[in-house]
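Everything below belongs to work14.cif, which stores mmCIF, C-alpha atoms (C1' of nucleotides).
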data_start
#
loop_
_atom_site.label_atom_id
_atom_site.label_comp_id
_atom_site.auth_asym_id
_atom_site.auth_seq_id
_atom_site.Cartn_x
_atom_site.Cartn_y
_atom_site.Cartn_z
CA MET A 1247 -11.81 -27.44 35.78
CA PRO A 1248 -13.34 -30.77 34.68
CA ARG A 1249 -11.19 -33.21 32.78
CA HIS A 1250 -13.65 -33.19 29.87
CA ALA A 1251 -14.48 -29.57 29.45
CA ASP A 1252 -17.74 -30.31 27.67
CA PRO A 1253 -18.93 -33.84 26.96
CA ALA A 1254 -21.49 -32.52 24.49
CA LEU A 1255 -18.89 -30.67 22.43
CA PRO A 1256 -18.31 -33.38 19.82
CA GLN A 1257 -22.02 -33.61 19.07
CA ARG A 1258 -22.26 -29.83 18.87
CA ARG A 1259 -19.30 -29.60 16.54
CA ARG A 1260 -20.75 -32.25 14.27
CA SER A 1261 -24.04 -30.37 14.00
CA GLN A 1262 -22.20 -27.15 13.38
CA ILE A 1263 -20.22 -28.70 10.55
CA LEU A 1264 -23.20 -30.48 9.06
CA GLU A 1265 -25.24 -27.31 9.00
CA ALA A 1266 -22.46 -25.43 7.28
CA ALA A 1267 -21.98 -28.27 4.82
CA ARG A 1268 -25.68 -28.38 4.03
CA ALA A 1269 -25.59 -24.69 3.18
CA CYS A 1270 -22.54 -25.14 0.95
CA PHE A 1271 -23.92 -28.21 -0.81
CA ARG A 1272 -27.19 -26.42 -1.42
CA GLU A 1273 -25.27 -23.57 -2.99
CA ARG A 1274 -22.75 -25.43 -5.10
CA GLY A 1275 -23.50 -29.15 -4.99
CA PHE A 1276 -21.66 -32.04 -3.36
CA ARG A 1277 -18.85 -32.08 -5.82
CA ASP A 1278 -18.18 -28.40 -6.22
CA ALA A 1279 -18.41 -27.32 -2.61
CA THR A 1280 -14.96 -27.39 -1.04
CA ILE A 1281 -13.83 -28.31 2.43
CA GLU A 1282 -12.38 -24.84 2.69
CA GLU A 1283 -15.78 -23.31 2.08
CA ILE A 1284 -17.43 -25.55 4.62
CA CYS A 1285 -14.75 -24.63 7.14
CA ALA A 1286 -15.27 -20.93 6.49
CA GLU A 1287 -19.03 -21.31 6.87
CA ALA A 1288 -18.61 -23.31 10.07
CA ARG A 1289 -15.89 -21.01 11.37
CA ILE A 1290 -13.52 -23.85 12.02
CA SER A 1291 -10.20 -24.96 10.59
CA PRO A 1292 -9.71 -27.93 8.26
CA GLY A 1293 -7.74 -29.70 10.96
CA ALA A 1294 -10.63 -29.39 13.38
CA LEU A 1295 -13.13 -30.58 10.79
CA TYR A 1296 -11.18 -33.78 10.23
CA ARG A 1297 -11.33 -34.40 13.93
CA TYR A 1298 -15.09 -34.94 13.61
CA PHE A 1299 -15.42 -36.45 10.16
CA ASP A 1300 -13.19 -38.93 8.39
CA SER A 1301 -13.61 -37.41 4.97
CA LYS A 1302 -15.74 -35.25 2.76
CA ALA A 1303 -17.62 -38.38 1.72
CA ASP A 1304 -18.40 -39.01 5.36
CA ILE A 1305 -20.06 -35.61 5.62
CA VAL A 1306 -21.91 -36.22 2.41
CA ALA A 1307 -23.23 -39.53 3.73
CA ALA A 1308 -24.52 -37.94 6.92
CA ILE A 1309 -26.37 -35.29 4.96
CA ALA A 1310 -27.69 -37.74 2.41
CA LEU A 1311 -29.29 -39.87 5.10
CA ASP A 1312 -30.78 -36.80 6.70
CA ALA A 1313 -32.26 -35.58 3.44
CA ARG A 1314 -33.97 -38.88 2.78
CA ALA A 1315 -35.19 -39.17 6.33
CA GLU A 1316 -36.93 -35.86 5.91
CA ALA A 1317 -38.47 -36.97 2.64
CA GLU A 1318 -39.69 -40.17 4.25
CA ALA A 1319 -41.30 -38.50 7.23
CA ALA A 1320 -44.62 -38.53 5.42
CA LEU A 1321 -44.53 -42.30 5.73
CA ASP A 1322 -45.47 -42.03 9.36
CA ARG A 1323 -48.85 -40.74 8.34
CA LEU A 1324 -49.44 -43.72 6.07
CA SER A 1325 -50.26 -45.88 9.08
CA SER A 1326 -52.95 -43.60 10.41
CA GLU A 1327 -54.27 -42.68 7.00
CA ASP A 1328 -57.05 -45.00 5.97
CA ARG A 1329 -57.30 -43.56 2.52
CA LEU A 1330 -54.31 -45.33 1.03
CA LEU A 1331 -54.09 -43.20 -2.09
CA ASP A 1332 -54.01 -39.97 -0.16
CA GLY A 1333 -51.23 -41.30 2.00
CA LEU A 1334 -49.17 -42.35 -1.01
CA ALA A 1335 -49.77 -39.05 -2.75
CA GLU A 1336 -48.59 -37.20 0.32
CA MET A 1337 -45.48 -39.33 0.50
CA ALA A 1338 -44.77 -38.53 -3.15
CA ARG A 1339 -45.29 -34.83 -2.56
CA ALA A 1340 -42.86 -34.80 0.36
CA PHE A 1341 -40.30 -36.65 -1.70
CA PHE A 1342 -40.64 -34.38 -4.71
CA GLU A 1343 -40.45 -31.34 -2.50
CA ALA A 1344 -37.35 -32.54 -0.67
CA PHE A 1345 -35.47 -32.72 -3.95
CA ASP A 1346 -36.98 -29.77 -5.72
CA GLY A 1347 -35.17 -26.83 -7.23
CA ASP A 1348 -31.77 -26.56 -8.83
CA SER A 1349 -29.88 -26.86 -5.61
CA ASP A 1350 -31.53 -29.93 -4.17
CA ALA A 1351 -32.10 -31.72 -7.43
CA ALA A 1352 -28.44 -32.62 -7.62
CA LEU A 1353 -28.63 -33.96 -4.10
CA LEU A 1354 -30.85 -36.86 -5.08
CA SER A 1355 -28.53 -38.17 -7.76
CA ASP A 1356 -25.43 -37.39 -5.75
CA ILE A 1357 -26.75 -39.54 -2.94
CA TRP A 1358 -26.88 -42.54 -5.24
CA ALA A 1359 -23.51 -41.77 -6.79
CA GLU A 1360 -21.96 -41.48 -3.38
CA ALA A 1361 -23.60 -44.69 -2.21
CA ALA A 1362 -22.13 -46.48 -5.20
CA ARG A 1363 -18.67 -45.97 -3.77
CA ASP A 1364 -19.41 -45.93 -0.06
CA PRO A 1365 -20.67 -49.31 1.18
CA VAL A 1366 -21.57 -47.85 4.56
CA LEU A 1367 -23.88 -45.31 2.98
CA ALA A 1368 -25.29 -47.93 0.61
CA LYS A 1369 -26.12 -50.18 3.54
CA ALA A 1370 -27.73 -47.36 5.47
CA LEU A 1371 -29.80 -46.34 2.45
CA ARG A 1372 -30.90 -49.89 1.97
CA ALA A 1373 -31.98 -50.15 5.58
CA ARG A 1374 -34.06 -46.99 5.23
CA ASP A 1375 -35.57 -48.30 2.02
CA ARG A 1376 -36.54 -51.54 3.71
CA ILE A 1377 -38.33 -49.68 6.45
CA ALA A 1378 -40.15 -47.49 3.95
CA ALA A 1379 -41.11 -50.49 1.82
CA GLY A 1380 -42.34 -52.31 4.92
CA ARG A 1381 -44.62 -49.43 5.85
CA VAL A 1382 -46.05 -49.07 2.39
CA ALA A 1383 -46.55 -52.83 2.14
CA ALA A 1384 -48.34 -52.87 5.49
CA ALA A 1385 -50.65 -50.08 4.39
CA ILE A 1386 -51.44 -51.94 1.18
CA GLU A 1387 -52.06 -55.14 3.08
CA ARG A 1388 -54.49 -53.40 5.39
CA ALA A 1389 -56.34 -51.95 2.43
CA GLN A 1390 -56.52 -55.34 0.76
CA ALA A 1391 -57.74 -57.02 3.94
CA ALA A 1392 -60.45 -54.39 4.24
CA GLY A 1393 -61.50 -55.14 0.69
CA ALA A 1394 -60.43 -51.66 -0.29
CA ALA A 1395 -57.76 -52.70 -2.79
CA TYR A 1396 -57.63 -55.55 -5.20
CA PRO A 1397 -55.61 -58.39 -3.77
CA ALA A 1398 -53.78 -59.88 -6.73
CA PHE A 1399 -50.53 -57.90 -6.37
CA ALA A 1400 -48.42 -59.08 -3.42
CA PRO A 1401 -48.09 -56.11 -1.02
CA ALA A 1402 -44.31 -56.34 -0.81
CA ASP A 1403 -43.89 -56.33 -4.60
CA ALA A 1404 -46.40 -53.53 -5.06
CA ALA A 1405 -44.63 -51.48 -2.40
CA GLU A 1406 -41.25 -52.03 -4.02
CA ALA A 1407 -42.61 -50.98 -7.39
CA LEU A 1408 -44.23 -47.86 -5.96
CA LEU A 1409 -41.03 -46.75 -4.26
CA ALA A 1410 -38.86 -47.51 -7.28
CA ALA A 1411 -41.21 -45.57 -9.52
CA LEU A 1412 -41.16 -42.66 -7.10
CA GLU A 1413 -37.37 -42.64 -7.22
CA GLY A 1414 -37.31 -42.71 -10.99
CA LEU A 1415 -39.94 -40.01 -11.32
CA ALA A 1416 -38.19 -37.80 -8.77
CA LEU A 1417 -34.91 -38.14 -10.64
CA ARG A 1418 -36.53 -37.15 -13.91
CA ARG A 1419 -38.39 -34.28 -12.30
CA ALA A 1420 -35.35 -33.02 -10.45
CA LEU A 1421 -33.03 -33.09 -13.44
CA TRP A 1422 -35.41 -31.94 -16.09
CA ALA A 1423 -37.03 -29.22 -14.04
CA GLU A 1424 -40.40 -30.53 -15.03
CA ALA A 1425 -43.86 -29.16 -14.56
CA ASP A 1426 -45.04 -28.27 -11.13
CA ILE A 1427 -45.07 -30.62 -8.20
CA GLY A 1428 -48.84 -30.84 -8.07
CA ASP A 1429 -48.85 -32.31 -11.55
CA ALA A 1430 -46.22 -34.89 -10.68
CA VAL A 1431 -48.14 -35.86 -7.57
CA ARG A 1432 -51.32 -36.26 -9.60
CA ARG A 1433 -49.56 -38.55 -12.04
CA TYR A 1434 -48.13 -40.58 -9.18
CA ARG A 1435 -51.55 -40.90 -7.67
CA ALA A 1436 -52.84 -42.19 -10.98
CA LEU A 1437 -50.09 -44.76 -11.05
CA ALA A 1438 -50.92 -45.94 -7.54
CA LEU A 1439 -54.55 -46.12 -8.51
CA HIS A 1440 -53.82 -48.33 -11.48
CA ILE A 1441 -51.51 -50.55 -9.48
CA LEU A 1442 -53.76 -50.96 -6.48
CA LYS A 1443 -57.30 -50.42 -7.72
CA PRO A 1444 -58.55 -49.40 -4.29
CA LYS A 1445 -62.30 -49.57 -3.95
CA ARG A 1446 -62.56 -46.38 -1.97
CA MET B 590 1.28 -34.48 -49.26
CA PRO B 591 -2.37 -33.48 -48.70
CA ARG B 592 -3.16 -30.49 -46.61
CA HIS B 593 -5.28 -32.59 -44.26
CA ALA B 594 -3.21 -35.65 -43.69
CA ASP B 595 -6.20 -37.73 -42.66
CA PRO B 596 -9.72 -36.32 -42.52
CA ALA B 597 -10.88 -39.30 -40.45
CA LEU B 598 -8.25 -38.79 -37.79
CA PRO B 599 -10.40 -36.76 -35.37
CA GLN B 600 -13.09 -39.43 -35.36
CA ARG B 601 -10.50 -42.14 -34.89
CA ARG B 602 -8.85 -40.32 -32.01
CA ARG B 603 -12.18 -39.81 -30.30
CA SER B 604 -12.98 -43.51 -30.52
CA GLN B 605 -9.53 -44.38 -29.29
CA ILE B 606 -9.94 -42.11 -26.27
CA LEU B 607 -13.47 -43.25 -25.53
CA GLU B 608 -12.47 -46.88 -25.60
CA ALA B 609 -9.60 -46.24 -23.23
CA ALA B 610 -11.87 -44.20 -20.97
CA ARG B 611 -14.49 -46.93 -20.93
CA ALA B 612 -11.87 -49.40 -19.77
CA CYS B 613 -10.65 -47.07 -17.04
CA PHE B 614 -14.14 -46.18 -15.83
CA ARG B 615 -15.06 -49.85 -15.72
CA GLU B 616 -12.01 -50.49 -13.59
CA ARG B 617 -12.15 -47.57 -11.19
CA GLY B 618 -15.35 -45.63 -11.71
CA PHE B 619 -15.96 -42.19 -13.21
CA ARG B 620 -14.65 -40.32 -10.26
CA ASP B 621 -11.56 -42.30 -9.44
CA ALA B 622 -10.24 -42.88 -12.93
CA THR B 623 -7.77 -40.16 -13.82
CA ILE B 624 -7.06 -38.39 -17.07
CA GLU B 625 -3.51 -39.61 -16.75
CA GLU B 626 -4.70 -43.22 -16.69
CA ILE B 627 -6.94 -42.69 -19.68
CA CYS B 628 -4.03 -41.12 -21.54
CA ALA B 629 -1.78 -44.03 -20.71
CA GLU B 630 -4.43 -46.51 -21.84
CA ALA B 631 -5.02 -44.57 -25.05
CA ARG B 632 -1.29 -44.02 -25.61
CA ILE B 633 -1.75 -40.33 -26.02
CA SER B 634 -0.67 -37.24 -24.09
CA PRO B 635 -2.99 -35.09 -21.96
CA GLY B 636 -2.50 -32.21 -24.35
CA ALA B 637 -3.68 -34.34 -27.27
CA LEU B 638 -6.67 -35.62 -25.30
CA TYR B 639 -7.86 -32.08 -24.64
CA ARG B 640 -7.72 -31.44 -28.35
CA TYR B 641 -10.63 -33.88 -28.80
CA PHE B 642 -12.59 -33.42 -25.60
CA ASP B 643 -13.31 -30.27 -23.65
CA SER B 644 -13.12 -31.90 -20.23
CA LYS B 645 -13.33 -35.13 -18.32
CA ALA B 646 -17.06 -34.48 -17.91
CA ASP B 647 -17.33 -34.31 -21.69
CA ILE B 648 -15.85 -37.80 -21.98
CA VAL B 649 -18.12 -39.02 -19.24
CA ALA B 650 -21.15 -37.66 -21.06
CA ALA B 651 -20.22 -39.38 -24.30
CA ILE B 652 -19.85 -42.71 -22.51
CA ALA B 653 -23.00 -42.23 -20.48
CA LEU B 654 -25.09 -41.74 -23.59
CA ASP B 655 -23.50 -44.77 -25.19
CA ALA B 656 -24.21 -46.94 -22.18
CA ARG B 657 -27.87 -46.01 -22.14
CA ALA B 658 -28.17 -46.41 -25.89
CA GLU B 659 -26.96 -49.97 -25.51
CA ALA B 660 -29.43 -50.62 -22.72
CA GLU B 661 -32.25 -49.20 -24.78
CA ALA B 662 -31.50 -51.25 -27.87
CA ALA B 663 -34.05 -53.83 -26.76
CA LEU B 664 -36.70 -51.18 -27.36
CA ASP B 665 -36.40 -51.76 -31.07
CA ARG B 666 -37.87 -55.18 -30.62
CA LEU B 667 -40.89 -53.80 -28.79
CA SER B 668 -42.40 -52.71 -32.07
CA SER B 669 -42.21 -56.11 -33.69
CA GLU B 670 -43.07 -57.99 -30.52
CA ASP B 671 -46.77 -58.55 -30.28
CA ARG B 672 -46.60 -59.97 -26.81
CA LEU B 673 -46.22 -56.70 -24.94
CA LEU B 674 -45.13 -58.24 -21.66
CA ASP B 675 -42.34 -60.23 -23.26
CA GLY B 676 -41.09 -57.10 -24.94
CA LEU B 677 -41.08 -55.12 -21.70
CA ALA B 678 -39.40 -57.94 -19.82
CA GLU B 679 -36.69 -58.06 -22.44
CA MET B 680 -36.18 -54.33 -22.20
CA ALA B 681 -35.82 -54.66 -18.44
CA ARG B 682 -33.33 -57.49 -18.80
CA ALA B 683 -31.18 -55.48 -21.17
CA PHE B 684 -31.25 -52.53 -18.81
CA PHE B 685 -30.40 -54.57 -15.74
CA GLU B 686 -27.61 -56.31 -17.61
CA ALA B 687 -26.13 -53.07 -18.89
CA PHE B 688 -25.66 -51.86 -15.34
CA ASP B 689 -24.81 -55.11 -13.66
CA GLY B 690 -21.77 -55.87 -11.58
CA ASP B 691 -19.66 -53.70 -9.34
CA SER B 692 -18.01 -51.84 -12.15
CA ASP B 693 -21.08 -50.87 -14.13
CA ALA B 694 -23.40 -50.34 -11.20
CA ALA B 695 -21.71 -47.06 -10.38
CA LEU B 696 -22.13 -46.00 -13.99
CA LEU B 697 -25.90 -45.79 -13.70
CA SER B 698 -25.85 -43.41 -10.74
CA ASP B 699 -22.88 -41.49 -12.06
CA ILE B 700 -24.76 -40.76 -15.24
CA TRP B 701 -27.49 -39.03 -13.27
CA ALA B 702 -25.04 -37.22 -11.03
CA GLU B 703 -23.14 -35.99 -14.05
CA ALA B 704 -26.34 -34.93 -15.78
CA ALA B 705 -27.26 -32.89 -12.72
CA ARG B 706 -24.34 -30.57 -13.41
CA ASP B 707 -24.08 -30.83 -17.18
CA PRO B 708 -27.14 -29.36 -18.91
CA VAL B 709 -26.02 -30.72 -22.25
CA LEU B 710 -25.96 -34.28 -20.95
CA ALA B 711 -29.26 -33.73 -19.14
CA LYS B 712 -30.87 -32.57 -22.35
CA ALA B 713 -29.49 -35.51 -24.29
CA LEU B 714 -30.70 -37.97 -21.66
CA ARG B 715 -34.10 -36.41 -21.72
CA ALA B 716 -34.30 -36.70 -25.47
CA ARG B 717 -33.41 -40.39 -25.26
CA ASP B 718 -35.97 -40.89 -22.54
CA ARG B 719 -38.66 -39.27 -24.65
CA ILE B 720 -37.92 -41.61 -27.51
CA ALA B 721 -38.01 -44.62 -25.22
CA ALA B 722 -41.24 -43.48 -23.60
CA GLY B 723 -42.76 -42.89 -27.02
CA ARG B 724 -41.96 -46.41 -28.13
CA VAL B 725 -43.31 -48.01 -24.99
CA ALA B 726 -46.43 -45.88 -25.18
CA ALA B 727 -46.97 -46.86 -28.80
CA ALA B 728 -46.66 -50.53 -27.92
CA ILE B 729 -49.16 -50.12 -25.09
CA GLU B 730 -51.53 -48.27 -27.36
CA ARG B 731 -51.40 -51.02 -29.94
CA ALA B 732 -52.13 -53.61 -27.26
CA GLN B 733 -55.03 -51.59 -25.96
CA ALA B 734 -56.44 -51.08 -29.46
CA ALA B 735 -56.24 -54.81 -30.04
CA GLY B 736 -58.15 -55.36 -26.83
CA ALA B 737 -55.10 -57.03 -25.37
CA ALA B 738 -54.60 -54.58 -22.52
CA TYR B 739 -57.07 -52.77 -20.36
CA PRO B 740 -57.55 -49.25 -21.63
CA ALA B 741 -58.00 -47.15 -18.50
CA PHE B 742 -54.38 -46.07 -18.05
CA ALA B 743 -53.30 -43.49 -20.62
CA PRO B 744 -50.45 -45.03 -22.66
CA ALA B 745 -48.11 -42.09 -22.15
CA ASP B 746 -48.54 -42.12 -18.38
CA ALA B 747 -48.24 -45.88 -18.16
CA ALA B 748 -45.07 -45.74 -20.24
CA GLU B 749 -43.58 -43.03 -18.06
CA ALA B 750 -44.36 -45.03 -14.93
CA LEU B 751 -42.86 -48.21 -16.38
CA LEU B 752 -39.63 -46.44 -17.33
CA ALA B 753 -39.34 -44.61 -14.01
CA ALA B 754 -39.89 -47.84 -12.12
CA LEU B 755 -37.27 -49.56 -14.23
CA GLU B 756 -34.80 -46.80 -13.37
CA GLY B 757 -35.54 -47.06 -9.67
CA LEU B 758 -35.35 -50.83 -9.63
CA ALA B 759 -32.10 -50.83 -11.60
CA LEU B 760 -30.56 -48.34 -9.15
CA ARG B 761 -31.52 -50.51 -6.20
CA ARG B 762 -30.33 -53.67 -7.87
CA ALA B 763 -27.07 -52.13 -8.99
CA LEU B 764 -26.17 -50.65 -5.63
CA TRP B 765 -27.38 -53.38 -3.39
CA ALA B 766 -26.04 -56.24 -5.48
CA GLU B 767 -29.39 -57.90 -5.25
CA ALA B 768 -30.60 -61.33 -6.27
CA ASP B 769 -30.04 -62.48 -9.81
CA ILE B 770 -31.21 -60.65 -12.87
CA GLY B 771 -33.81 -63.26 -13.74
CA ASP B 772 -35.55 -62.58 -10.47
CA ALA B 773 -35.56 -58.82 -11.03
CA VAL B 774 -36.94 -59.31 -14.53
CA ARG B 775 -39.69 -61.56 -13.21
CA ARG B 776 -40.69 -58.92 -10.68
CA TYR B 777 -40.69 -56.25 -13.36
CA ARG B 778 -42.87 -58.43 -15.54
CA ALA B 779 -45.30 -58.78 -12.65
CA LEU B 780 -45.40 -55.02 -12.27
CA ALA B 781 -46.12 -54.53 -15.95
CA LEU B 782 -48.82 -57.16 -15.73
CA HIS B 783 -50.54 -55.39 -12.87
CA ILE B 784 -50.25 -52.03 -14.56
CA LEU B 785 -51.45 -53.14 -17.96
CA LYS B 786 -53.58 -56.20 -17.37
CA PRO B 787 -53.01 -57.49 -20.88
CA LYS B 788 -55.48 -60.12 -21.92
CA ARG B 789 -52.91 -62.30 -23.61
"C1'" DA C 522 -8.06 -31.93 24.88
"C1'" DC C 523 -8.77 -29.28 21.22
"C1'" DC C 524 -7.40 -26.36 17.69
"C1'" DT C 525 -4.64 -23.78 13.84
"C1'" DG C 526 -2.90 -23.27 9.35
"C1'" DA C 527 0.98 -24.22 6.58
"C1'" DA C 528 2.45 -28.08 3.87
"C1'" DC C 529 1.68 -32.22 1.10
"C1'" DA C 530 -0.20 -35.15 -2.46
"C1'" DC C 531 -2.92 -35.54 -6.23
"C1'" DC C 532 -5.23 -34.51 -10.44
"C1'" DG C 533 -7.71 -31.74 -14.17
"C1'" DT C 534 -6.26 -28.51 -17.46
"C1'" DT C 535 -3.19 -25.37 -20.12
"C1'" DC C 536 0.48 -23.87 -22.99
"C1'" DA C 537 5.13 -23.07 -24.81
"C1'" DA C 538 7.86 -25.67 -27.59
"C1'" DG C 539 8.56 -29.38 -30.89
"C1'" DT C 540 7.83 -32.03 -35.49
"C1'" DA D 915 -1.69 -29.77 -38.23
"C1'" DC D 916 -0.91 -32.38 -34.52
"C1'" DC D 917 1.46 -33.64 -30.57
"C1'" DT D 918 4.42 -33.66 -26.08
"C1'" DG D 919 5.06 -33.13 -21.28
"C1'" DA D 920 6.33 -29.90 -17.93
"C1'" DA D 921 3.96 -26.44 -15.32
"C1'" DC D 922 -0.13 -24.47 -13.10
"C1'" DA D 923 -4.20 -24.20 -10.25
"C1'" DC D 924 -6.94 -26.27 -7.10
"C1'" DC D 925 -8.49 -29.01 -3.34
"C1'" DG D 926 -8.81 -33.03 0.08
"C1'" DT D 927 -6.10 -34.39 3.85
"C1'" DT D 928 -2.32 -34.45 7.30
"C1'" DC D 929 0.62 -33.00 10.95
"C1'" DA D 930 3.87 -30.23 13.66
"C1'" DA D 931 3.18 -26.72 16.64
"C1'" DG D 932 0.28 -24.00 19.70
"C1'" DT D 933 -3.05 -23.16 23.83
#

Show how you would write the structure in this file as structure tokens.
Amino acid sequence: MPRHADPALPQRRRSQILEAARACFRERGFRDATIEEICAEARISPGALYRYFDSKADIVAAIALDARAEAEAALDRLSSEDRLLDGLAEMARAFFEAFDGDSDAALLSDIWAEAARDPVLAKALRARDRIAAGRVAAAIERAQAAGAAYPAFAPADAAEALLAALEGLALRRALWAEADIGDAVRRYRALALHILKPKR
Amino acid sequence: MPRHADPALPQRRRSQILEAARACFRERGFRDATIEEICAEARISPGALYRYFDSKADIVAAIALDARAEAEAALDRLSSEDRLLDGLAEMARAFFEAFDGDSDAALLSDIWAEAARDPVLAKALRARDRIAAGRVAAAIERAQAAGAAYPAFAPADAAEALLAALEGLALRRALWAEADIGDAVRRYRALALHILKPKR
DNA sequence: ACCTGAACACCGTTCAAGT
DNA sequence: ACCTGAACACCGTTCAAGT
């Protein structure tokens, strides 16, 4: 019998809890889902749960980062995409989709609300945002250098504006159950067009 | 002795409670402030408080709408301001200022989080947003008609983008305690410039 | 070493009783 | 008609006891 029965257990337990929590949050939202429910879903006791997470907020933070990471995955394609607008539109679509529907709409705003009182989450979100902004800025810079976008708007500032607008639009869309996603993406594309004036 | 001792009492009590709540929320945030604290601050009992508000969320909603109304007051000046960019910059400044500092930063995100689970608040926010967007769009349209802004971007879409970007930037600023307000306003002005290309 | 689940602390909300 | 404040319900977290 080894001293540490299973060195991978902690990681497995964390995943198990996170998956259960995701299901509960989807169903009832961050605030309304209870630890008891998460425990039932994960088939674990409250005592055990607190062995792997410091608090409910801690679980929320882990899920929040995950959710955004998923939404930002489309950024990877921005680097290989030479049509800047298509890349941005795809990023917007992924983001809208990640926070679409009643259940996930609340997630987007809850992430910010949670970050407002959890400095660790705020810092992590900021780090993610910086990476995203850096990628968008790099893509814009390439387009400008290739003469494919007008050069007057500093890439970093344009990137910041594009991400902030996406956030604001996603919040509105999510909370007001607006139109279909395709429409929102089209409007975002128009915004990017007017900001960047790409030549192709 | 009149049957209704004081017909203005309900309104007075509501104000009294809201003012106390504002103070408590400022101090400890929506989530952490307790009804008991608000009652103490308002010198009223919990039972009496629930006579004038249905729930804590109800109080939160009232304050949330107030906070945004204050931030949007600068919109009134957009109509009389013939320099569009100055008007937008002023609107941005008011918005950034309304949600500045540790205590009020959380307010901005809490408003959205609360709206995500309170349809009444969501509807009210949306109505406000429509009014704001209408005013900005009207200002843009006037500038375009006067040949003072380039006409390619539909006023309504440009207005929506400008408001969404302001929301996103304010969230970032509020949570990440960024730079000074002047700097944020300058960047917002640059964004508006690149979106609208006004000719004066 | 890991887990259980009863117990604790806290807080939003209600309601029987007062004036 | 309006208010009080004790009581209730609920839920995040802890901890003594188990294996």

* Quick one: distance from atom CA of A:Ala1267 to atom CA of A:Leu1412 in Å, one decimal? ->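 We find that atom CA of A:Ala1267 and atom CA of A:Leu1412 lie 26.8 Å from each other.
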
* Asked: With only C-alpha atoms (C1' of nucleotides) as the atoms that count, which of A:Arg1268, A:Lys1302, A:Arg1372, A:Arg1260 lies nearest to chain D?
  -> A:Lys1302

* Asked: Counting all atoms listed in the file, which residues from chain A have an atom at most 7 Å from any atom of chain B, and could you show them as number ranges by chain?
  -> A: 1352, 1355-1356, 1358-1359, 1362, 1368, 1399, 1407, 1410-1411, 1413-1415, 1421, 1437, 1440-1441

Can you spit out the residues from that selection as a PDB file, in the coordinates of the input, using C-alpha atoms?
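Dumped to selection.pdb:
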ATOM      1  CA  ALA A1352     -28.440 -32.620  -7.620  1.00  0.00           C
ATOM      2  CA  SER A1355     -28.530 -38.170  -7.760  1.00  0.00           C
ATOM      3  CA  ASP A1356     -25.430 -37.390  -5.750  1.00  0.00           C
ATOM      4  CA  TRP A1358     -26.880 -42.540  -5.240  1.00  0.00           C
ATOM      5  CA  ALA A1359     -23.510 -41.770  -6.790  1.00  0.00           C
ATOM      6  CA  ALA A1362     -22.130 -46.480  -5.200  1.00  0.00           C
ATOM      7  CA  ALA A1368     -25.290 -47.930   0.610  1.00  0.00           C
ATOM      8  CA  PHE A1399     -50.530 -57.900  -6.370  1.00  0.00           C
ATOM      9  CA  ALA A1407     -42.610 -50.980  -7.390  1.00  0.00           C
ATOM     10  CA  ALA A1410     -38.860 -47.510  -7.280  1.00  0.00           C
ATOM     11  CA  ALA A1411     -41.210 -45.570  -9.520  1.00  0.00           C
ATOM     12  CA  GLU A1413     -37.370 -42.640  -7.220  1.00  0.00           C
ATOM     13  CA  GLY A1414     -37.310 -42.710 -10.990  1.00  0.00           C
ATOM     14  CA  LEU A1415     -39.940 -40.010 -11.320  1.00  0.00           C
ATOM     15  CA  LEU A1421     -33.030 -33.090 -13.440  1.00  0.00           C
ATOM     16  CA  LEU A1437     -50.090 -44.760 -11.050  1.00  0.00           C
ATOM     17  CA  HIS A1440     -53.820 -48.330 -11.480  1.00  0.00           C
ATOM     18  CA  ILE A1441     -51.510 -50.550  -9.480  1.00  0.00           C
TER      19      ILE A1441
END

* Structure fact -> Judged by all atoms listed in the file, the minimum distance to chain C among B:Ala727, B:Ala656, B:Ala637, B:Ala650 is found for B:Ala637

* Structure fact -> Restricting to all atoms listed in the file, whichever of B:Asp595, B:Gln605, B:Phe614, B:Gly636 is closest to chain C is B:Gly636

* Up to 9 Å from (-30.1, -50.9, -22.3) in the file's coordinates: name the residues, counting all atoms listed in the file, as a PyMOL selection string. => chain B and resi 656-664+680-688
